[in-house]
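Asks: Just so it is clear, I am handing over upload-v7.txt, which has compact mmCIF, C-alpha atoms.
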```
# COMPACT_ATOMS: atom_id res chain seq x y z
CA LYS F 271 -17.73 -20.07 41.60
CA ALA F 272 -20.70 -21.02 39.48
CA GLY F 273 -21.08 -24.66 38.50
CA VAL F 274 -21.83 -26.23 35.17
CA THR F 275 -25.11 -24.97 33.80
CA GLN F 276 -27.31 -26.87 31.37
CA THR F 277 -30.37 -25.56 29.60
CA PRO F 278 -33.09 -26.46 29.31
CA ARG F 279 -33.50 -28.84 32.23
CA TYR F 280 -36.45 -30.64 30.68
CA LEU F 281 -37.50 -31.04 27.10
CA ILE F 282 -40.28 -32.91 25.34
CA LYS F 283 -40.05 -33.52 21.61
CA THR F 284 -41.71 -35.77 19.09
CA ARG F 285 -40.07 -38.28 16.77
CA GLY F 286 -38.44 -36.74 13.75
CA GLN F 287 -37.82 -33.37 15.36
CA GLN F 288 -34.41 -32.03 16.23
CA VAL F 289 -33.17 -30.62 19.49
CA THR F 290 -30.32 -28.45 20.72
CA LEU F 291 -29.02 -28.64 24.26
CA SER F 292 -26.72 -26.08 25.81
CA CYS F 293 -23.96 -26.30 28.36
CA SER F 294 -22.06 -23.49 30.06
CA PRO F 295 -18.90 -24.79 31.71
CA ILE F 296 -17.18 -23.52 34.79
CA SER F 297 -15.22 -20.38 34.07
CA GLY F 298 -11.72 -21.20 32.86
CA HIS F 299 -12.49 -24.76 31.86
CA ARG F 300 -11.62 -25.53 28.26
CA SER F 301 -12.85 -29.12 28.14
CA VAL F 302 -16.53 -29.94 27.82
CA SER F 303 -17.78 -33.50 27.57
CA TRP F 304 -21.25 -34.86 26.92
CA TYR F 305 -22.71 -38.10 28.24
CA GLN F 306 -26.01 -39.85 27.67
CA GLN F 307 -27.59 -41.66 30.60
CA THR F 308 -30.37 -44.21 30.11
CA PRO F 309 -31.66 -47.01 32.35
CA GLY F 310 -30.75 -49.61 29.75
CA GLN F 311 -27.34 -48.44 28.54
CA GLY F 312 -26.14 -46.53 31.58
CA LEU F 313 -23.71 -43.68 31.15
CA GLN F 314 -22.25 -43.44 27.67
CA PHE F 315 -19.75 -40.95 26.36
CA LEU F 316 -20.92 -38.86 23.43
CA PHE F 317 -18.05 -36.46 22.69
CA GLU F 318 -15.53 -34.10 24.16
CA TYR F 319 -14.58 -30.65 23.00
CA PHE F 320 -11.40 -28.88 23.96
CA SER F 321 -10.74 -25.32 22.84
CA GLU F 322 -13.40 -25.57 20.12
CA THR F 323 -12.07 -28.85 18.69
CA GLN F 324 -13.70 -32.22 19.03
CA ARG F 325 -11.08 -34.36 20.71
CA ASN F 326 -13.00 -37.57 21.31
CA LYS F 327 -16.17 -39.09 19.98
CA GLY F 328 -18.22 -41.96 21.30
CA ASN F 329 -20.04 -44.62 19.38
CA PHE F 330 -23.17 -42.72 18.45
CA PRO F 331 -24.75 -42.16 15.04
CA GLY F 332 -24.12 -39.02 13.06
CA ARG F 333 -27.48 -37.62 14.18
CA PHE F 334 -25.64 -36.61 17.34
CA SER F 335 -23.37 -33.64 16.86
CA GLY F 336 -21.87 -30.90 18.93
CA ARG F 337 -19.80 -27.81 18.89
CA GLN F 338 -17.95 -25.53 21.24
CA PHE F 339 -17.70 -21.80 21.06
CA SER F 340 -14.76 -19.55 21.81
CA ASN F 341 -16.10 -18.88 25.32
CA SER F 342 -16.08 -22.69 25.91
CA ARG F 343 -19.87 -22.92 25.96
CA SER F 344 -21.00 -26.02 24.14
CA GLU F 345 -24.10 -27.22 22.37
CA MET F 346 -25.14 -30.64 21.28
CA ASN F 347 -27.68 -31.30 18.60
CA VAL F 348 -29.71 -34.38 17.90
CA SER F 349 -31.49 -34.50 14.57
CA THR F 350 -34.34 -36.76 13.50
CA LEU F 351 -35.16 -37.77 17.04
CA GLU F 352 -36.02 -41.38 17.82
CA LEU F 353 -37.83 -42.77 20.84
CA GLY F 354 -34.56 -44.31 22.02
CA ASP F 355 -33.00 -40.86 22.32
CA SER F 356 -35.04 -40.27 25.46
CA ALA F 357 -32.41 -39.88 28.13
CA LEU F 358 -30.68 -37.64 30.60
CA TYR F 359 -27.93 -35.74 28.80
CA LEU F 360 -25.10 -34.70 31.07
CA CYS F 361 -22.47 -32.13 30.37
CA ALA F 362 -19.17 -32.03 32.24
CA SER F 363 -16.37 -29.51 32.29
CA ARG F 364 -12.83 -29.58 33.59
CA GLY F 365 -9.38 -28.11 33.20
CA ASP F 366 -6.80 -29.56 30.88
CA SER F 367 -6.29 -32.98 32.47
CA LEU F 368 -8.89 -35.57 33.42
CA ILE F 369 -6.34 -37.10 35.77
CA THR F 370 -5.23 -34.06 37.72
CA ASP F 371 -8.29 -31.86 37.38
CA THR F 372 -11.72 -32.54 38.79
CA GLN F 373 -14.47 -33.02 36.24
CA TYR F 374 -17.66 -31.28 37.23
CA PHE F 375 -21.02 -32.39 35.93
CA GLY F 376 -24.07 -30.29 35.31
CA PRO F 377 -27.55 -31.36 36.48
CA GLY F 378 -28.43 -32.63 33.03
CA THR F 379 -31.17 -32.09 30.48
CA ARG F 380 -33.97 -34.63 30.60
CA LEU F 381 -35.10 -35.26 27.03
CA THR F 382 -38.32 -37.13 26.40
CA VAL F 383 -39.15 -38.15 22.84
CA LEU F 384 -42.78 -39.01 22.16
CA ALA E 125 -9.75 -51.66 26.45
CA GLN E 126 -9.94 -50.62 30.03
CA SER E 127 -13.28 -51.10 31.76
CA VAL E 128 -14.81 -51.41 35.20
CA THR E 129 -17.33 -53.86 36.61
CA GLN E 130 -19.60 -53.04 39.49
CA LEU E 131 -21.00 -56.04 41.32
CA GLY E 132 -24.49 -55.54 42.67
CA SER E 133 -26.83 -53.13 40.99
CA HIS E 134 -28.66 -52.59 44.29
CA VAL E 135 -27.24 -52.59 47.80
CA SER E 136 -29.30 -52.05 50.92
CA VAL E 137 -27.82 -51.28 54.33
CA SER E 138 -29.14 -50.14 57.67
CA GLU E 139 -28.33 -46.69 58.92
CA GLY E 140 -25.08 -46.89 60.86
CA ALA E 141 -23.91 -50.03 59.09
CA LEU E 142 -20.85 -50.43 56.91
CA VAL E 143 -21.22 -49.50 53.27
CA LEU E 144 -19.28 -51.60 50.76
CA LEU E 145 -19.70 -50.99 47.05
CA ARG E 146 -17.62 -53.14 44.75
CA CYS E 147 -15.67 -52.16 41.66
CA ASN E 148 -13.21 -54.27 39.71
CA TYR E 149 -11.17 -52.98 36.81
CA SER E 150 -9.72 -54.80 33.85
CA SER E 151 -6.23 -53.83 32.95
CA SER E 152 -2.73 -55.10 33.34
CA VAL E 153 -1.52 -51.57 33.87
CA PRO E 154 -2.38 -49.79 37.13
CA PRO E 155 -5.11 -47.44 36.03
CA TYR E 156 -6.55 -44.29 37.32
CA LEU E 157 -9.90 -44.90 38.97
CA PHE E 158 -12.77 -42.72 40.03
CA TRP E 159 -15.90 -42.99 42.12
CA TYR E 160 -18.81 -40.68 41.42
CA VAL E 161 -22.14 -40.29 43.20
CA GLN E 162 -25.44 -39.23 41.67
CA TYR E 163 -28.26 -38.02 43.88
CA PRO E 164 -31.80 -38.07 42.49
CA ASN E 165 -32.37 -35.51 39.76
CA GLN E 166 -28.80 -34.31 39.89
CA GLY E 167 -25.61 -34.68 37.92
CA LEU E 168 -22.61 -36.68 39.03
CA GLN E 169 -20.28 -35.56 41.79
CA LEU E 170 -16.73 -36.80 42.25
CA LEU E 171 -16.32 -38.71 45.52
CA LEU E 172 -12.67 -39.65 45.17
CA LYS E 173 -10.05 -40.75 42.69
CA TYR E 174 -6.92 -42.86 42.61
CA THR E 175 -4.10 -41.59 40.47
CA THR E 176 -0.73 -42.49 41.97
CA GLY E 177 0.77 -42.81 45.42
CA ALA E 178 -1.19 -43.98 48.43
CA THR E 179 -3.51 -46.85 47.68
CA LEU E 180 -6.02 -45.84 50.34
CA VAL E 181 -7.86 -42.82 49.03
CA LYS E 182 -10.09 -40.68 51.21
CA GLY E 183 -12.93 -38.78 49.63
CA ILE E 184 -15.80 -36.58 50.58
CA ASN E 185 -18.66 -37.42 52.92
CA GLY E 186 -16.59 -39.99 54.84
CA PHE E 187 -16.08 -42.34 51.91
CA GLU E 188 -12.81 -44.02 51.10
CA ALA E 189 -11.55 -46.60 48.62
CA GLU E 190 -8.54 -48.86 48.50
CA PHE E 191 -6.73 -49.68 45.29
CA LYS E 192 -5.71 -53.35 45.34
CA LYS E 193 -3.66 -54.33 42.34
CA SER E 194 -3.58 -58.02 43.30
CA GLU E 195 -7.35 -58.12 43.25
CA THR E 196 -7.84 -55.52 40.47
CA SER E 197 -10.30 -53.86 42.79
CA PHE E 198 -11.19 -50.39 43.95
CA HIS E 199 -14.06 -50.94 46.38
CA LEU E 200 -15.79 -47.98 48.00
CA THR E 201 -16.46 -48.06 51.73
CA LYS E 202 -17.94 -45.95 54.47
CA PRO E 203 -17.87 -47.11 58.10
CA SER E 204 -21.32 -45.86 59.02
CA ALA E 205 -24.12 -45.26 56.54
CA HIS E 206 -26.34 -42.23 56.79
CA MET E 207 -29.73 -41.73 55.23
CA SER E 208 -28.26 -38.97 53.09
CA ASP E 209 -25.93 -41.51 51.43
CA ALA E 210 -28.84 -42.99 49.50
CA ALA E 211 -27.88 -42.42 45.88
CA GLU E 212 -26.40 -44.15 42.86
CA TYR E 213 -22.66 -44.72 42.81
CA PHE E 214 -20.52 -45.14 39.73
CA CYS E 215 -17.01 -46.41 39.33
CA ALA E 216 -15.17 -45.06 36.30
CA VAL E 217 -11.88 -45.34 34.46
CA PRO E 218 -10.33 -42.93 31.95
CA THR E 219 -10.18 -44.25 28.40
CA GLY E 220 -9.81 -42.76 24.95
CA GLY E 221 -6.35 -41.41 25.56
CA GLY E 222 -7.32 -40.30 29.03
CA ASN E 223 -9.86 -37.76 27.92
CA LYS E 224 -13.12 -39.54 28.57
CA LEU E 225 -14.57 -41.67 31.32
CA THR E 226 -15.95 -45.17 30.93
CA PHE E 227 -18.42 -45.82 33.69
CA GLY E 228 -19.56 -48.95 35.40
CA THR E 229 -23.24 -49.83 35.43
CA GLY E 230 -23.79 -48.20 38.79
CA THR E 231 -24.90 -49.37 42.22
CA GLN E 232 -28.03 -47.97 43.80
CA LEU E 233 -27.49 -47.64 47.54
CA LYS E 234 -30.52 -47.75 49.79
CA VAL E 235 -30.18 -46.84 53.46
CA GLU E 236 -32.88 -48.09 55.79
CA LEU E 237 -33.75 -47.08 59.31
```
Kindly present the structure from the file in structure tokens form.

Replies:
Amino acid sequence: KAGVTQTPRYLIKTRGQQVTLSCSPISGHRSVSWYQQTPGQGLQFLFEYFSETQRNKGNFPGRFSGRQFSNSRSEMNVSTLELGDSALYLCASRGDSLITDTQYFGPGTRLTVL
Amino acid sequence: AQSVTQLGSHVSVSEGALVLLRCNYSSSVPPYLFWYVQYPNQGLQLLLKYTTGATLVKGINGFEAEFKKSETSFHLTKPSAHMSDAAEYFCAVPTGGGNKLTFGTGTQLKVEL
């Protein structure tokens, strides 16, 4: 079956702009999580959506937001971009349990803020 | 809060040599533990995970890890390194009510001829 799809794969924006990233999970998966990966901070959890509800949120400013649609597809939005937002944004999907189900990651969206 | 520590941000081995990547967890309660691998320009892929039961866990690509409660460790090993094993490896533990992963800082594995 198809894996986790993220679009776009690469994005260049300037400071102050906003950006929307998209994630299509594996069919049947209701949980979608987002992670930010940077050389300095490593992998950091942004938020998790489960059946259209945000279930967990990481320690990021309110400029970072997300949502999940009824088909489980998810988007994350970053407003008023800062240089420090340059990162690889990874989306992951899984079944109901992180313990018993495998979490699959997409290839990521590489965001560069100039 | 549960966390994991990966010792050695870079590890270099010769092809055919033993691979040992270290991960220690902090918790008084036996946790669930994961190892993920990230190849260049790709997302993360689950190598193996410890949940309950057998403490020696076998994963994909010939990797295995042993959960040692006495040492609070979950080190990743492979008997014989292959060039294709060159990647970054992350140890992770579920947190936030078990619905998110907290990752270690990662270990970049280099395999030399």

Asks: List as a PyMOL selection string the protein and nucleic acid residues near Val217 of chain E, meaning an atom at most 6 Å away when all atoms listed in the file are counted, but skip any in the same chain fewer than 2 places from it.

Replies: chain E and resi 157+225-226

Asks: Hey, what's within 7 Å of Ile184 of chain E if we count only C-alpha atoms and toss same-chain stuff fewer than 2 positions away? As a PyMOL selection string, please?

Replies: chain E and resi 171-172+186-187

Asks: Calculated over all atoms listed in the file, which of the candidates E:His206, E:Lys224, E:His199, E:Lys182 has the smallest distance to Gly132 of chain E?

Replies: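 Distance minimum relative to Gly132 of chain E lands on E:His199.
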
Asks: Which chain E residues have any atom within 7 Å of an atom of chain F, and for each, what is the nearest pair of atoms with distance in Å to one decimal, counting all atoms listed in the file, rows sorted by chain and number, as CSV?

Replies:
```
residue,atom,partner,partner_atom,distance
E:Gln166,CA,F:Pro377,CA,4.7
E:Gly167,CA,F:Pro377,CA,4.1
E:Leu168,CA,F:Phe375,CA,5.5
E:Gln169,CA,F:Phe375,CA,6.7
E:Thr175,CA,F:Ile369,CA,6.9
E:Gly222,CA,F:Leu368,CA,6.6
E:Asn223,CA,F:Leu368,CA,6.0
E:Phe227,CA,F:Leu313,CA,6.2
E:Thr229,CA,F:Gly312,CA,5.8
```

Asks: So how far away is atom CA of Glu352 of chain F from atom CA of Ser292 of chain F, in Å?

Replies: 19.6 Å

Asks: Measure the distance from atom CA of Arg285 of chain F to atom CA of Phe334 of chain F in Å and round it to one decimal.

Replies: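 Atom-to-atom, atom CA of Arg285 of chain F and atom CA of Phe334 of chain F are spaced 14.5 Å apart.
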
Asks: Within 6 Å of segment 294-298 of chain F, counting only C-alpha atoms, which residues qualify if same-chain residues fewer than 2 places away don't, as a PDB file with C-alpha atoms, in the coordinates of the input?

Replies:
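Printed below is result_12.pdb as written:
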```pdb
ATOM      1  CA  GLY F 273     -21.080 -24.660  38.500  1.00  0.00           C
ATOM      2  CA  VAL F 274     -21.830 -26.230  35.170  1.00  0.00           C
ATOM      3  CA  THR F 275     -25.110 -24.970  33.800  1.00  0.00           C
ATOM      4  CA  ARG F 343     -19.870 -22.920  25.960  1.00  0.00           C
ATOM      5  CA  SER F 363     -16.370 -29.510  32.290  1.00  0.00           C
TER       6      SER F 363
END
```

Asks: Can you pull out the residues contacting Leu233 of chain E? Cut-off 9 Å, using all atoms listed in the file, and skip same-chain residues under 6 positions away; I want them as a list in words.

Replies: Ser133, His134, Val135, Ser136, Val137, Val143, Leu145, Asp209, Ala210, Ala211, Glu212 and Tyr213 of chain E

Asks: Complete the atom set of segment 283-304 of chain F to N, CA, C and O atoms and return it as a PDB file, in the coordinates of the input.

Replies:
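The file below, selection.pdb, is the result:
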```
ATOM      1  N   LYS F 283     -40.033 -33.641  23.069  1.00  0.00           N
ATOM      2  CA  LYS F 283     -40.050 -33.520  21.610  1.00  0.00           C
ATOM      3  C   LYS F 283     -40.773 -34.728  21.037  1.00  0.00           C
ATOM      4  O   LYS F 283     -41.023 -35.723  21.714  1.00  0.00           O
ATOM      5  N   THR F 284     -41.102 -34.637  19.764  1.00  0.00           N
ATOM      6  CA  THR F 284     -41.710 -35.770  19.090  1.00  0.00           C
ATOM      7  C   THR F 284     -40.716 -36.361  18.080  1.00  0.00           C
ATOM      8  O   THR F 284     -39.755 -35.691  17.665  1.00  0.00           O
ATOM      9  N   ARG F 285     -40.956 -37.595  17.717  1.00  0.00           N
ATOM     10  CA  ARG F 285     -40.070 -38.280  16.770  1.00  0.00           C
ATOM     11  C   ARG F 285     -39.911 -37.470  15.495  1.00  0.00           C
ATOM     12  O   ARG F 285     -40.864 -36.879  14.989  1.00  0.00           O
ATOM     13  N   GLY F 286     -38.712 -37.452  14.982  1.00  0.00           N
ATOM     14  CA  GLY F 286     -38.440 -36.740  13.750  1.00  0.00           C
ATOM     15  C   GLY F 286     -37.959 -35.314  13.941  1.00  0.00           C
ATOM     16  O   GLY F 286     -37.359 -34.724  13.039  1.00  0.00           O
ATOM     17  N   GLN F 287     -38.265 -34.749  15.105  1.00  0.00           N
ATOM     18  CA  GLN F 287     -37.820 -33.370  15.360  1.00  0.00           C
ATOM     19  C   GLN F 287     -36.328 -33.367  15.672  1.00  0.00           C
ATOM     20  O   GLN F 287     -35.687 -34.405  15.810  1.00  0.00           O
ATOM     21  N   GLN F 288     -35.789 -32.162  15.792  1.00  0.00           N
ATOM     22  CA  GLN F 288     -34.410 -32.030  16.230  1.00  0.00           C
ATOM     23  C   GLN F 288     -34.379 -31.201  17.499  1.00  0.00           C
ATOM     24  O   GLN F 288     -35.333 -30.506  17.833  1.00  0.00           O
ATOM     25  N   VAL F 289     -33.275 -31.310  18.216  1.00  0.00           N
ATOM     26  CA  VAL F 289     -33.170 -30.620  19.490  1.00  0.00           C
ATOM     27  C   VAL F 289     -31.743 -30.118  19.698  1.00  0.00           C
ATOM     28  O   VAL F 289     -30.778 -30.746  19.221  1.00  0.00           O
ATOM     29  N   THR F 290     -31.623 -29.007  20.367  1.00  0.00           N
ATOM     30  CA  THR F 290     -30.320 -28.450  20.720  1.00  0.00           C
ATOM     31  C   THR F 290     -30.252 -28.237  22.224  1.00  0.00           C
ATOM     32  O   THR F 290     -31.136 -27.610  22.793  1.00  0.00           O
ATOM     33  N   LEU F 291     -29.227 -28.787  22.827  1.00  0.00           N
ATOM     34  CA  LEU F 291     -29.020 -28.640  24.260  1.00  0.00           C
ATOM     35  C   LEU F 291     -27.780 -27.771  24.478  1.00  0.00           C
ATOM     36  O   LEU F 291     -26.820 -27.851  23.712  1.00  0.00           O
ATOM     37  N   SER F 292     -27.816 -27.012  25.554  1.00  0.00           N
ATOM     38  CA  SER F 292     -26.720 -26.080  25.810  1.00  0.00           C
ATOM     39  C   SER F 292     -26.032 -26.364  27.134  1.00  0.00           C
ATOM     40  O   SER F 292     -26.671 -26.813  28.093  1.00  0.00           O
ATOM     41  N   CYS F 293     -24.753 -26.085  27.158  1.00  0.00           N
ATOM     42  CA  CYS F 293     -23.960 -26.300  28.360  1.00  0.00           C
ATOM     43  C   CYS F 293     -22.985 -25.143  28.547  1.00  0.00           C
ATOM     44  O   CYS F 293     -22.208 -24.815  27.639  1.00  0.00           O
ATOM     45  N   SER F 294     -23.027 -24.540  29.729  1.00  0.00           N
ATOM     46  CA  SER F 294     -22.060 -23.490  30.060  1.00  0.00           C
ATOM     47  C   SER F 294     -21.110 -24.054  31.105  1.00  0.00           C
ATOM     48  O   SER F 294     -21.539 -24.377  32.227  1.00  0.00           O
ATOM     49  N   PRO F 295     -19.839 -24.183  30.780  1.00  0.00           N
ATOM     50  CA  PRO F 295     -18.900 -24.790  31.710  1.00  0.00           C
ATOM     51  C   PRO F 295     -18.482 -23.822  32.810  1.00  0.00           C
ATOM     52  O   PRO F 295     -18.816 -22.635  32.778  1.00  0.00           O
ATOM     53  N   ILE F 296     -17.758 -24.343  33.748  1.00  0.00           N
ATOM     54  CA  ILE F 296     -17.180 -23.520  34.790  1.00  0.00           C
ATOM     55  C   ILE F 296     -16.146 -22.589  34.150  1.00  0.00           C
ATOM     56  O   ILE F 296     -15.405 -23.011  33.254  1.00  0.00           O
ATOM     57  N   SER F 297     -16.126 -21.370  34.631  1.00  0.00           N
ATOM     58  CA  SER F 297     -15.220 -20.380  34.070  1.00  0.00           C
ATOM     59  C   SER F 297     -13.774 -20.871  34.104  1.00  0.00           C
ATOM     60  O   SER F 297     -13.291 -21.355  35.142  1.00  0.00           O
ATOM     61  N   GLY F 298     -13.105 -20.778  32.948  1.00  0.00           N
ATOM     62  CA  GLY F 298     -11.720 -21.200  32.860  1.00  0.00           C
ATOM     63  C   GLY F 298     -11.532 -22.621  32.369  1.00  0.00           C
ATOM     64  O   GLY F 298     -10.415 -23.008  32.000  1.00  0.00           O
ATOM     65  N   HIS F 299     -12.594 -23.388  32.350  1.00  0.00           N
ATOM     66  CA  HIS F 299     -12.490 -24.760  31.860  1.00  0.00           C
ATOM     67  C   HIS F 299     -12.578 -24.780  30.337  1.00  0.00           C
ATOM     68  O   HIS F 299     -13.505 -24.218  29.753  1.00  0.00           O
ATOM     69  N   ARG F 300     -11.623 -25.455  29.715  1.00  0.00           N
ATOM     70  CA  ARG F 300     -11.620 -25.530  28.260  1.00  0.00           C
ATOM     71  C   ARG F 300     -12.194 -26.835  27.723  1.00  0.00           C
ATOM     72  O   ARG F 300     -12.492 -26.942  26.534  1.00  0.00           O
ATOM     73  N   SER F 301     -12.332 -27.821  28.577  1.00  0.00           N
ATOM     74  CA  SER F 301     -12.850 -29.120  28.140  1.00  0.00           C
ATOM     75  C   SER F 301     -14.311 -29.265  28.525  1.00  0.00           C
ATOM     76  O   SER F 301     -14.683 -29.035  29.689  1.00  0.00           O
ATOM     77  N   VAL F 302     -15.117 -29.652  27.574  1.00  0.00           N
ATOM     78  CA  VAL F 302     -16.530 -29.940  27.820  1.00  0.00           C
ATOM     79  C   VAL F 302     -16.843 -31.301  27.208  1.00  0.00           C
ATOM     80  O   VAL F 302     -16.558 -31.551  26.034  1.00  0.00           O
ATOM     81  N   SER F 303     -17.399 -32.169  28.026  1.00  0.00           N
ATOM     82  CA  SER F 303     -17.780 -33.500  27.570  1.00  0.00           C
ATOM     83  C   SER F 303     -19.275 -33.678  27.713  1.00  0.00           C
ATOM     84  O   SER F 303     -19.899 -33.078  28.592  1.00  0.00           O
ATOM     85  N   TRP F 304     -19.828 -34.541  26.872  1.00  0.00           N
ATOM     86  CA  TRP F 304     -21.250 -34.860  26.920  1.00  0.00           C
ATOM     87  C   TRP F 304     -21.430 -36.361  27.120  1.00  0.00           C
ATOM     88  O   TRP F 304     -20.718 -37.167  26.504  1.00  0.00           O
TER      89      TRP F 304
END
```
